[in-house]
Every structure is written in C-alpha cells, then in structure tokens.
Amino acid sequence: MPADLAVIGLGHLGLPLAQAATAASITTVGYDPDPHTVAELRAGRLPAEHGCGGLTAADLRRMLSSGFHATTEDAELGRVRTAVICAPTRLGENRALDLTAIGAAARTLAARLRPHTTVLLESPVYPGATEEYLRPLLEEGSGLVAGRDFHLAYSPSRVDAGNRRYGLHNTPKVIGGLTPACTEAAAAFYGRLCEKVVRARGPREAEAVRVWETNYRYVNIALANEMAVFCHDIGVDLWDVVRCAETKPFGFQAFRPGPGVGGHGVPVDPNYLAYKGRTLGYPLRMVELAQEVNGRMPRYVVQRCATLLNEHGKSARGARVLLLGVGYKADIADQEGSPAREVASRLLELGAQLSYHDPHVTEWRVLGRPVPRADSVYEAAAAADLTVLLQHHRTYDLQGLAVKAQLMLDTRGASPAGTAHRL
C-alpha cells in the first residue's frame, strides 16, 4: 500500500524519525541503498555499526508490527506525500562535509518525485546547501520546479540518542522552507509529530541553526577540557568546581570534560564550503581552537594512564589495561567518532595489553585486530593493572568497580569522590 512518508537513510537520523512517525500512525516506508541494513531491519535487528539513534530492538519490533517497512526499492518513493532525506554526512578532506550520500539520495528521489510532494532535508549541511546543492539535483532529475511543483524545506535534526527526557515529540522542531508555502507544508507534517514547530525565515537560517548548535556544544566542551588539564596541573578538583559553578542560576551552563568528543554532530567551519568550491576567506577561530583542544584529549588521557602506572611502580609496556565503555555516548552502542579508539591505539603503541567491557558492544576492533572483551567486569577490573572509565553506562556500579580495581582512572567524573583518580 502507498505510504504517507518515506524516510531516506535508515541510520542515526532516519530511524528515530521513522519510529516517531510510525507511533503517530503515519504509514511509513524506510529507504536505504544498503541491502545489509535493510535485511537487518526487516529481521528485527538494529545495524548498530551505522548508528540507530538510541533505538532498542524492542522499539524496532514495535515499529515493524505497526506497519513500518524497510526497502531498497526506489519505486516506493514515488507513492508518498512526504519524503525526508536523512542521509549521513561526515567530514571529508580539509574538514569539509561530504555531501555525497545526500546527492545520491536526491538523485534517487528525483527519478520518482511527483508534483505536490513535500521534500525535507534533515542531514547536517552548510548554510545554503538546500538551495544550492539539493534543489538543482531534485529539479534536474524530476523536471519539476521547487516551490512551484513541489515543496522543499530544511529542518535540522535534534536527535539526542539515549536521552530519556527529550525526544522528537517534545523537542521544538525548526523548519525553513524555500517559500512560505513550503514552510507551511513542512509545518503541517512535523506538527503531526512534534508539540512545537518553530518557523525560520528560510532554509539558510534553519541550516545555520544546526551549525550553531553543534559548534556551541563543541566549543564549550573544549573549554571544559582545557579547564580539566589546567585544574589538574595546579592541584584543583575540577569536578568540585563544576559542582559549585552549576549552582549559578544565570549566565552559566555546565559542560563536562571527557576523553574526547565523539558522535555524529561534527563541528562545522563554514570556511570550507566544498560543495560550491568557495570559501569565506577566513576561518571560525573558536571552532578551530575547539578542534585543536578536543583533539588533544585522547593523547592526554593516555599520558595520565602512563603517569598513574609509573607512580605505582609499573610501566605502560606490558601493563594490563581495561577500558570501560567504548561508544561515543552513554547507554548506546554507536561508536561514531568515539575517542575510545584513539585512546586504545595509543595504549597499544605503548605496549599495553588491552581488554574492554561495554554492555552494548559485543565486538570491538582497534588497529585492525580484535580487542578481548571481558565477560565479568568486576573480575576484569580486579585483574587489570589499570581500569579506565571512558563512558559511564548506567549499568556500571562505579563504587563497586573502584573497590575491585587495583588502579582506576575516571575520565567522566562519575565515580564517588575519593574512590578513583579523576580526569
């Protein structure tokens, strides 16, 4: 049967949208060009290697029982009233966003695009990409004109994987259409899913919202990371500083340091507008500095590991090191951009003997070879020379682990004060 909605790209952006639409009784088809992804979803399994936006297997089963259908057949795109492109974008050369997947999705959709369809883009892009990159592909491939024959709008995804408080339904949805009619068509669709819709002046403003939100997070985490190193060097308990500072009811929002910054929300420097082959002629200095600071954190964590081992009469070479939590975020399996991989690589280069534990990741490879997974996290912590908490999953009893561990470094400040060394 024809679907009301096609979600194009069944990864960390597309799956949560498809889940929300299915829950709202919107007949939804999910399109992905990867046969493996589609086969896994049809079998009720989540392709965690691509990210699933925090969905669980139970969520997927409910979607399937409610009529959600995953496919590689592009013919189904020609029978929908709304199509949302959720293709992945990653940093390519010169830290420019790679829009290849968006281009492929646009060409596939354009060949099937019908008049009066509403086309929405949620993938991270540079300001101007909807009009200057996506629109021509859709128009050339379909023979239709955006804003006249079909509606076109941009809406930045605000998926926060694993967040139990805020989901798509209670997070305001920003939309910016090519024309006022396009904006209203987008508002009509998202109004079926969200409690609040916020109208931007146009797609460029909506695209810039995504850039600002991502860069805001990245820059403030960099400040927290820089303060972590500074406070350690002068003998100040950073975590006590954070605890006190966040009591200020105005002018301050607490960000916490960590071993690095992962996730799909990569920082964007609009100096690199690769899809048009042009630049602004100047960088965003705050973003550049944030990239530099955050990029140093895995190396700093390894330095702290080596120092702690040395202080306890052990060398990093030959030391048994247990890493806890290898995903980029707590309580999910997604490893996109996780600093755990660089931390592990550097420890291996120092000659350490690695093992890991993560309740959500059953297999993990570093430098092309598998890392042994601990069956019992308590026994592994007791046997290791050093246990390093990289991600604080809810299932971890950190007080109990700190008692079992010979030596423990907590990079998340999650363990009770005095029970472990903290970043």
# chains A, B, ... in the order shown; residues from 1 in each chain; ligands from 1

$ select_by_dssp --residues "segment 168-348 of chain A" --states "alpha helix (DSSP H)" --output "PyMOL selection string"
chain A and resi 180-190+203-233+238-245+285-311+340-348

$ residues_around --residues "Arg296 of chain A" --least-positions-apart "5" --cutoff "10 Å" --atoms "only C-alpha atoms" --output "list in words"
Ala222, Asn225, Glu226, Pro259, Gly260, Ala290, Gln291 and Val301 of chain A

$ select_by_dssp --residues "segment 101-335 of chain A" --states "strand (DSSP E)" --output "tab-separated table (two decimals) with all heavy atoms, in the first residue's frame"
chain	number	residue	atom	x	y	z
A	118	THR	N	6.09	16.90	-0.59
A	118	THR	CA	6.90	17.73	0.31
A	118	THR	C	8.22	17.02	0.56
A	118	THR	O	8.25	15.89	1.04
A	118	THR	CB	6.18	17.95	1.66
A	118	THR	OG1	4.96	18.66	1.43
A	118	THR	CG2	7.06	18.77	2.61
A	119	VAL	N	9.32	17.67	0.18
A	119	VAL	CA	10.66	17.11	0.36
A	119	VAL	C	11.37	17.88	1.47
A	119	VAL	O	11.47	19.11	1.42
A	119	VAL	CB	11.49	17.18	-0.94
A	119	VAL	CG1	12.88	16.60	-0.72
A	119	VAL	CG2	10.77	16.45	-2.07
A	120	LEU	N	11.86	17.14	2.45
A	120	LEU	CA	12.53	17.75	3.61
A	120	LEU	C	13.93	17.17	3.75
A	120	LEU	O	14.15	15.98	3.48
A	120	LEU	CB	11.73	17.46	4.89
A	120	LEU	CG	10.26	17.87	4.83
A	120	LEU	CD1	9.49	17.27	6.00
A	120	LEU	CD2	10.12	19.38	4.83
A	121	LEU	N	14.86	17.99	4.16
A	121	LEU	CA	16.23	17.56	4.41
A	121	LEU	C	16.54	17.75	5.88
A	121	LEU	O	16.31	18.83	6.44
A	121	LEU	CB	17.21	18.37	3.55
A	121	LEU	CG	18.72	18.10	3.78
A	121	LEU	CD1	19.07	16.66	3.44
A	121	LEU	CD2	19.56	19.08	2.97
A	151	HIS	N	7.14	21.03	-2.68
A	151	HIS	CA	7.62	21.82	-1.54
A	151	HIS	C	9.01	21.34	-1.13
A	151	HIS	O	9.29	20.13	-1.16
A	151	HIS	CB	6.66	21.69	-0.36
A	151	HIS	CG	5.28	22.17	-0.65
A	151	HIS	ND1	5.00	23.48	-0.98
A	151	HIS	CD2	4.08	21.52	-0.64
A	151	HIS	CE1	3.70	23.63	-1.17
A	151	HIS	NE2	3.11	22.45	-0.98
A	152	LEU	N	9.84	22.28	-0.71
A	152	LEU	CA	11.21	21.96	-0.29
A	152	LEU	C	11.55	22.75	0.96
A	152	LEU	O	11.34	23.98	1.00
A	152	LEU	CB	12.21	22.28	-1.41
A	152	LEU	CG	13.69	22.01	-1.11
A	152	LEU	CD1	13.93	20.53	-0.83
A	152	LEU	CD2	14.57	22.49	-2.26
A	153	ALA	N	12.06	22.08	1.98
A	153	ALA	CA	12.40	22.75	3.24
A	153	ALA	C	13.53	22.01	3.94
A	153	ALA	O	13.79	20.84	3.66
A	153	ALA	CB	11.18	22.84	4.16
A	154	TYR	N	14.18	22.73	4.86
A	154	TYR	CA	15.23	22.13	5.69
A	154	TYR	C	14.79	22.17	7.14
A	154	TYR	O	14.21	23.15	7.61
A	154	TYR	CB	16.56	22.88	5.55
A	154	TYR	CG	17.66	22.25	6.39
A	154	TYR	CD1	18.33	21.12	5.94
A	154	TYR	CD2	17.99	22.75	7.64
A	154	TYR	CE1	19.31	20.51	6.71
A	154	TYR	CE2	18.97	22.15	8.42
A	154	TYR	CZ	19.62	21.03	7.95
A	154	TYR	OH	20.59	20.43	8.72
A	173	LYS	N	10.75	21.78	16.86
A	173	LYS	CA	11.27	21.45	15.54
A	173	LYS	C	11.41	22.72	14.71
A	173	LYS	O	10.43	23.40	14.41
A	173	LYS	CB	10.29	20.48	14.85
A	173	LYS	CG	10.84	19.81	13.62
A	173	LYS	CD	11.98	18.87	13.95
A	173	LYS	CE	12.37	18.04	12.72
A	173	LYS	NZ	13.77	17.64	12.75
A	174	VAL	N	12.64	23.04	14.33
A	174	VAL	CA	12.91	24.22	13.49
A	174	VAL	C	12.75	23.84	12.03
A	174	VAL	O	13.25	22.80	11.59
A	174	VAL	CB	14.34	24.75	13.75
A	174	VAL	CG1	14.67	25.89	12.79
A	174	VAL	CG2	14.48	25.21	15.20
A	175	ILE	N	12.05	24.69	11.26
A	175	ILE	CA	11.86	24.43	9.83
A	175	ILE	C	12.07	25.72	9.06
A	175	ILE	O	11.75	26.81	9.53
A	175	ILE	CB	10.46	23.87	9.52
A	175	ILE	CG1	9.38	24.80	10.09
A	175	ILE	CG2	10.30	22.46	10.06
A	175	ILE	CD1	7.97	24.41	9.69
A	176	GLY	N	12.63	25.59	7.87
A	176	GLY	CA	12.79	26.73	6.97
A	176	GLY	C	12.52	26.31	5.55
A	176	GLY	O	13.24	25.48	5.00
A	177	GLY	N	11.46	26.84	4.95
A	177	GLY	CA	11.08	26.45	3.60
A	177	GLY	C	11.59	27.39	2.54
A	177	GLY	O	11.91	28.56	2.80
A	197	VAL	N	6.44	23.65	16.62
A	197	VAL	CA	7.18	23.88	15.38
A	197	VAL	C	7.62	25.34	15.36
A	197	VAL	O	6.82	26.25	15.62
A	197	VAL	CB	6.32	23.57	14.15
A	197	VAL	CG1	7.04	23.98	12.88
A	197	VAL	CG2	5.96	22.08	14.10
A	198	VAL	N	8.89	25.56	15.08
A	198	VAL	CA	9.47	26.91	15.04
A	198	VAL	C	9.82	27.23	13.60
A	198	VAL	O	10.63	26.53	12.99
A	198	VAL	CB	10.72	27.01	15.93
A	198	VAL	CG1	11.31	28.43	15.88
A	198	VAL	CG2	10.40	26.62	17.36
A	199	ARG	N	9.25	28.29	13.06
A	199	ARG	CA	9.47	28.65	11.66
A	199	ARG	C	10.65	29.60	11.53
A	199	ARG	O	10.65	30.68	12.11
A	199	ARG	CB	8.21	29.29	11.08
A	199	ARG	CG	7.02	28.33	10.95
A	199	ARG	CD	5.72	29.10	10.74
A	199	ARG	NE	4.59	28.22	10.47
A	199	ARG	CZ	3.91	27.55	11.40
A	199	ARG	NH1	4.26	27.68	12.69
A	199	ARG	NH2	2.89	26.77	11.06
A	320	ARG	N	48.40	-4.45	32.00
A	320	ARG	CA	47.07	-4.90	31.63
A	320	ARG	C	46.09	-3.75	31.88
A	320	ARG	O	45.90	-3.34	33.03
A	320	ARG	CB	46.69	-6.13	32.45
A	320	ARG	CG	47.53	-7.38	32.14
A	320	ARG	CD	47.38	-8.42	33.22
A	320	ARG	NE	47.90	-7.91	34.50
A	320	ARG	CZ	47.91	-8.62	35.63
A	320	ARG	NH1	47.44	-9.86	35.64
A	320	ARG	NH2	48.38	-8.10	36.74
A	321	VAL	N	45.50	-3.24	30.80
A	321	VAL	CA	44.62	-2.07	30.89
A	321	VAL	C	43.22	-2.47	30.42
A	321	VAL	O	43.05	-3.01	29.32
A	321	VAL	CB	45.14	-0.89	30.04
A	321	VAL	CG1	44.21	0.31	30.15
A	321	VAL	CG2	46.55	-0.51	30.50
A	322	LEU	N	42.24	-2.19	31.27
A	322	LEU	CA	40.84	-2.47	30.96
A	322	LEU	C	40.14	-1.15	30.65
A	322	LEU	O	40.17	-0.22	31.46
A	322	LEU	CB	40.15	-3.15	32.15
A	322	LEU	CG	38.63	-3.30	32.06
A	322	LEU	CD1	38.24	-4.27	30.94
A	322	LEU	CD2	38.05	-3.77	33.41
A	323	LEU	N	39.52	-1.06	29.46
A	323	LEU	CA	38.77	0.12	29.07
A	323	LEU	C	37.28	-0.16	29.25
A	323	LEU	O	36.75	-1.15	28.76
A	323	LEU	CB	39.05	0.47	27.61
A	323	LEU	CG	40.50	0.73	27.24
A	323	LEU	CD1	40.63	1.09	25.75
A	323	LEU	CD2	41.10	1.85	28.10
A	324	LEU	N	36.60	0.74	29.95
A	324	LEU	CA	35.16	0.60	30.20
A	324	LEU	C	34.38	1.60	29.36
A	324	LEU	O	34.57	2.81	29.51
A	324	LEU	CB	34.85	0.84	31.69
A	324	LEU	CG	35.54	-0.08	32.70
A	324	LEU	CD1	35.10	0.30	34.11
A	324	LEU	CD2	35.22	-1.53	32.41

$ residues_around --residues "Asn163 of chain A" --least-positions-apart "2" --cutoff "10 Å" --atoms "only C-alpha atoms" --output "PyMOL selection string"
chain A and resi 53-54+159-161+165-167+330-331

$ atom_distance --atom1 "atom CA of Glu139 of chain A" --atom2 "atom CA of His116 of chain A"
13.3 Å

$ closest_residue --among "A:Tyr31, A:Phe150, A:Tyr356, A:Tyr126" --to "Arg114 of chain A" --atoms "only C-alpha atoms"
A:Phe150

$ residues_around --residues "Pro156 of chain A" --least-positions-apart "6" --cutoff "7 Å" --atoms "only C-alpha atoms" --output "PyMOL selection string"
chain A and resi 122-124+174+206-207+210

$ write_last_selection --atoms "C-alpha atoms" --output "compact mmCIF listing (two decimals), in the first residue's frame"
# COMPACT_ATOMS: atom_id res chain seq x y z
CA GLU A 122 17.43 16.77 7.95
CA SER A 123 21.08 15.86 7.32
CA PRO A 124 23.79 18.23 8.66
CA VAL A 174 12.91 24.22 13.49
CA ALA A 206 17.41 26.71 9.58
CA GLU A 207 20.72 25.26 8.34
CA ARG A 210 22.28 23.30 13.15

$ residues_around --residues "Thr387 of chain A" --least-positions-apart "4" --cutoff "12 Å" --atoms "only C-alpha atoms" --output "VMD selection string"
chain A and resid 305 308 to 309 319 to 325 353 to 357 374 377 to 383 398 401 to 411 420 to 422

$ residues_around --residues "segment 67-79 of chain A" --least-positions-apart "4" --cutoff "7 Å" --atoms "only C-alpha atoms" --output "compact mmCIF listing (two decimals) with N, CA, C and O atoms, in the first residue's frame"
# COMPACT_ATOMS: atom_id res chain seq x y z
N PRO A 2 0.42 2.33 -0.62
CA PRO A 2 1.19 3.57 -0.61
C PRO A 2 1.41 4.06 0.82
O PRO A 2 0.56 3.89 1.69
N ALA A 3 2.57 4.68 1.06
CA ALA A 3 2.88 5.23 2.38
C ALA A 3 2.70 6.74 2.37
O ALA A 3 2.82 7.39 1.33
N ALA A 6 8.15 8.71 3.34
CA ALA A 6 9.36 7.95 3.05
C ALA A 6 10.52 8.59 3.79
O ALA A 6 10.77 9.79 3.64
N THR A 22 5.80 6.36 12.83
CA THR A 22 5.01 5.13 12.97
C THR A 22 4.16 5.19 14.23
O THR A 22 2.98 4.79 14.21
N THR A 27 1.71 6.09 8.00
CA THR A 27 2.21 4.95 7.24
C THR A 27 3.59 5.31 6.67
O THR A 27 3.72 6.24 5.88
N THR A 28 4.61 4.56 7.07
CA THR A 28 5.99 4.96 6.80
C THR A 28 6.76 3.84 6.11
O THR A 28 6.72 2.68 6.54
N VAL A 29 7.48 4.22 5.06
CA VAL A 29 8.42 3.32 4.42
C VAL A 29 9.82 3.89 4.61
O VAL A 29 10.02 5.11 4.53
N GLY A 30 10.77 3.04 4.92
CA GLY A 30 12.14 3.47 5.08
C GLY A 30 12.98 2.97 3.92
O GLY A 30 12.99 1.77 3.62
N TYR A 31 13.67 3.89 3.25
CA TYR A 31 14.51 3.51 2.11
C TYR A 31 15.98 3.66 2.49
O TYR A 31 16.40 4.68 3.07
N ASP A 32 16.77 2.65 2.15
CA ASP A 32 18.21 2.73 2.33
C ASP A 32 18.86 1.93 1.20
O ASP A 32 18.40 0.83 0.88
N PRO A 33 19.91 2.46 0.59
CA PRO A 33 20.55 1.75 -0.52
C PRO A 33 21.37 0.54 -0.10
O PRO A 33 21.79 -0.26 -0.94
N PRO A 35 21.74 -3.01 1.19
CA PRO A 35 20.92 -4.22 1.41
C PRO A 35 21.10 -4.84 2.79
O PRO A 35 20.16 -5.38 3.35
N VAL A 38 18.97 -2.93 5.35
CA VAL A 38 17.54 -3.25 5.17
C VAL A 38 17.24 -4.66 5.64
O VAL A 38 16.23 -4.91 6.32
N LEU A 41 17.14 -4.75 9.45
CA LEU A 41 15.94 -4.12 9.99
C LEU A 41 14.72 -5.01 9.79
O LEU A 41 13.88 -5.16 10.68
N ARG A 42 14.63 -5.60 8.62
CA ARG A 42 13.48 -6.49 8.36
C ARG A 42 13.48 -7.70 9.30
O ARG A 42 12.42 -8.23 9.64
N MET A 63 7.84 -0.96 15.79
CA MET A 63 7.71 -0.28 14.50
C MET A 63 7.25 -1.26 13.42
O MET A 63 6.33 -0.96 12.64
N THR A 108 18.14 9.64 -6.45
CA THR A 108 17.19 8.51 -6.37
C THR A 108 15.77 9.02 -6.22
O THR A 108 14.84 8.55 -6.89
N LEU A 109 15.58 10.00 -5.33
CA LEU A 109 14.24 10.55 -5.12
C LEU A 109 13.74 11.30 -6.34
O LEU A 109 12.56 11.19 -6.72
N ARG A 112 11.79 9.64 -9.01
CA ARG A 112 10.45 9.18 -8.64
C ARG A 112 9.56 10.31 -8.13
O ARG A 112 8.41 10.05 -7.75
N LEU A 113 10.06 11.52 -8.13
CA LEU A 113 9.35 12.64 -7.50
C LEU A 113 8.08 13.02 -8.27
O LEU A 113 8.10 13.17 -9.49
N ARG A 114 6.99 13.18 -7.53
CA ARG A 114 5.71 13.57 -8.13
C ARG A 114 5.35 14.99 -7.72
O ARG A 114 5.81 15.48 -6.67

$ residues_around --residues "Leu13 of chain A" --least-positions-apart "2" --cutoff "6 Å" --atoms "only C-alpha atoms" --output "ChimeraX atom specification"
/A:11,15,86

$ write_last_selection --atoms "N, CA and C atoms" --output "JSON list (two decimals), in the first residue's frame"
[["chain", "number", "residue", "atom", "x", "y", "z"],
["A", 11, "GLY", "N", 19.68, 5.44, 9.33],
["A", 11, "GLY", "CA", 20.75, 5.46, 10.32],
["A", 11, "GLY", "C", 20.33, 6.20, 11.57],
["A", 15, "LEU", "N", 16.12, 6.52, 11.56],
["A", 15, "LEU", "CA", 15.37, 5.55, 12.35],
["A", 15, "LEU", "C", 14.52, 6.21, 13.45],
["A", 86, "CYS", "N", 17.52, 11.77, 5.21],
["A", 86, "CYS", "CA", 18.31, 11.66, 6.45],
["A", 86, "CYS", "C", 19.64, 10.98, 6.16]]

$ closest_residue --among "A:Thr362, A:Gly368, A:Lys248, A:Tyr218" --to "Gly295 of chain A" --atoms "only C-alpha atoms"
A:Tyr218

$ decode --residues "segment 44-66 of chain A" --atoms "N, CA and C atoms" --output "PDB file, in the first residue's frame"
ATOM      1  N   GLY A  44      14.394  -7.543  12.306  1.00  0.00           N
ATOM      2  CA  GLY A  44      14.215  -7.070  13.678  1.00  0.00           C
ATOM      3  C   GLY A  44      15.499  -6.812  14.412  1.00  0.00           C
ATOM      4  N   ARG A  45      16.599  -6.639  13.670  1.00  0.00           N
ATOM      5  CA  ARG A  45      17.898  -6.370  14.282  1.00  0.00           C
ATOM      6  C   ARG A  45      18.367  -4.964  13.906  1.00  0.00           C
ATOM      7  N   LEU A  46      18.968  -4.286  14.849  1.00  0.00           N
ATOM      8  CA  LEU A  46      19.453  -2.923  14.621  1.00  0.00           C
ATOM      9  C   LEU A  46      20.880  -2.951  14.086  1.00  0.00           C
ATOM     10  N   PRO A  47      21.139  -2.300  12.971  1.00  0.00           N
ATOM     11  CA  PRO A  47      22.510  -2.221  12.435  1.00  0.00           C
ATOM     12  C   PRO A  47      23.324  -1.189  13.195  1.00  0.00           C
ATOM     13  N   ALA A  48      23.788  -1.571  14.376  1.00  0.00           N
ATOM     14  CA  ALA A  48      24.413  -0.618  15.291  1.00  0.00           C
ATOM     15  C   ALA A  48      25.669   0.019  14.721  1.00  0.00           C
ATOM     16  N   GLU A  49      26.317  -0.655  13.761  1.00  0.00           N
ATOM     17  CA  GLU A  49      27.562  -0.102  13.223  1.00  0.00           C
ATOM     18  C   GLU A  49      27.335   1.223  12.498  1.00  0.00           C
ATOM     19  N   HIS A  50      26.084   1.495  12.064  1.00  0.00           N
ATOM     20  CA  HIS A  50      25.773   2.750  11.397  1.00  0.00           C
ATOM     21  C   HIS A  50      25.103   3.749  12.329  1.00  0.00           C
ATOM     22  N   GLY A  51      24.832   3.337  13.562  1.00  0.00           N
ATOM     23  CA  GLY A  51      24.115   4.197  14.481  1.00  0.00           C
ATOM     24  C   GLY A  51      22.620   4.039  14.311  1.00  0.00           C
ATOM     25  N   CYS A  52      21.913   3.998  15.419  1.00  0.00           N
ATOM     26  CA  CYS A  52      20.464   3.804  15.345  1.00  0.00           C
ATOM     27  C   CYS A  52      19.725   4.818  16.190  1.00  0.00           C
ATOM     28  N   GLY A  53      20.391   5.912  16.551  1.00  0.00           N
ATOM     29  CA  GLY A  53      19.715   6.992  17.256  1.00  0.00           C
ATOM     30  C   GLY A  53      19.189   6.612  18.618  1.00  0.00           C
ATOM     31  N   GLY A  54      19.770   5.601  19.250  1.00  0.00           N
ATOM     32  CA  GLY A  54      19.346   5.212  20.581  1.00  0.00           C
ATOM     33  C   GLY A  54      18.171   4.258  20.612  1.00  0.00           C
ATOM     34  N   LEU A  55      17.683   3.807  19.449  1.00  0.00           N
ATOM     35  CA  LEU A  55      16.583   2.844  19.425  1.00  0.00           C
ATOM     36  C   LEU A  55      17.026   1.500  19.991  1.00  0.00           C
ATOM     37  N   THR A  56      16.064   0.780  20.545  1.00  0.00           N
ATOM     38  CA  THR A  56      16.328  -0.558  21.034  1.00  0.00           C
ATOM     39  C   THR A  56      15.673  -1.566  20.095  1.00  0.00           C
ATOM     40  N   ALA A  57      16.020  -2.838  20.274  1.00  0.00           N
ATOM     41  CA  ALA A  57      15.401  -3.887  19.466  1.00  0.00           C
ATOM     42  C   ALA A  57      13.895  -3.937  19.703  1.00  0.00           C
ATOM     43  N   ALA A  58      13.479  -3.651  20.935  1.00  0.00           N
ATOM     44  CA  ALA A  58      12.040  -3.623  21.236  1.00  0.00           C
ATOM     45  C   ALA A  58      11.346  -2.495  20.477  1.00  0.00           C
ATOM     46  N   ASP A  59      12.022  -1.342  20.364  1.00  0.00           N
ATOM     47  CA  ASP A  59      11.464  -0.228  19.582  1.00  0.00           C
ATOM     48  C   ASP A  59      11.261  -0.654  18.133  1.00  0.00           C
ATOM     49  N   LEU A  60      12.260  -1.319  17.583  1.00  0.00           N
ATOM     50  CA  LEU A  60      12.175  -1.750  16.190  1.00  0.00           C
ATOM     51  C   LEU A  60      11.043  -2.761  15.991  1.00  0.00           C
ATOM     52  N   ARG A  61      10.899  -3.688  16.919  1.00  0.00           N
ATOM     53  CA  ARG A  61       9.816  -4.672  16.797  1.00  0.00           C
ATOM     54  C   ARG A  61       8.452  -3.996  16.811  1.00  0.00           C
ATOM     55  N   ARG A  62       8.291  -3.003  17.643  1.00  0.00           N
ATOM     56  CA  ARG A  62       7.020  -2.267  17.678  1.00  0.00           C
ATOM     57  C   ARG A  62       6.778  -1.536  16.365  1.00  0.00           C
ATOM     58  N   MET A  63       7.843  -0.960  15.788  1.00  0.00           N
ATOM     59  CA  MET A  63       7.710  -0.284  14.503  1.00  0.00           C
ATOM     60  C   MET A  63       7.249  -1.258  13.420  1.00  0.00           C
ATOM     61  N   LEU A  64       7.876  -2.418  13.376  1.00  0.00           N
ATOM     62  CA  LEU A  64       7.550  -3.403  12.353  1.00  0.00           C
ATOM     63  C   LEU A  64       6.113  -3.908  12.515  1.00  0.00           C
ATOM     64  N   SER A  65       5.710  -4.124  13.755  1.00  0.00           N
ATOM     65  CA  SER A  65       4.349  -4.609  13.991  1.00  0.00           C
ATOM     66  C   SER A  65       3.305  -3.539  13.685  1.00  0.00           C
ATOM     67  N   SER A  66       3.741  -2.268  13.682  1.00  0.00           N
ATOM     68  CA  SER A  66       2.819  -1.167  13.377  1.00  0.00           C
ATOM     69  C   SER A  66       2.799  -0.818  11.891  1.00  0.00           C
TER      70      SER A  66
END
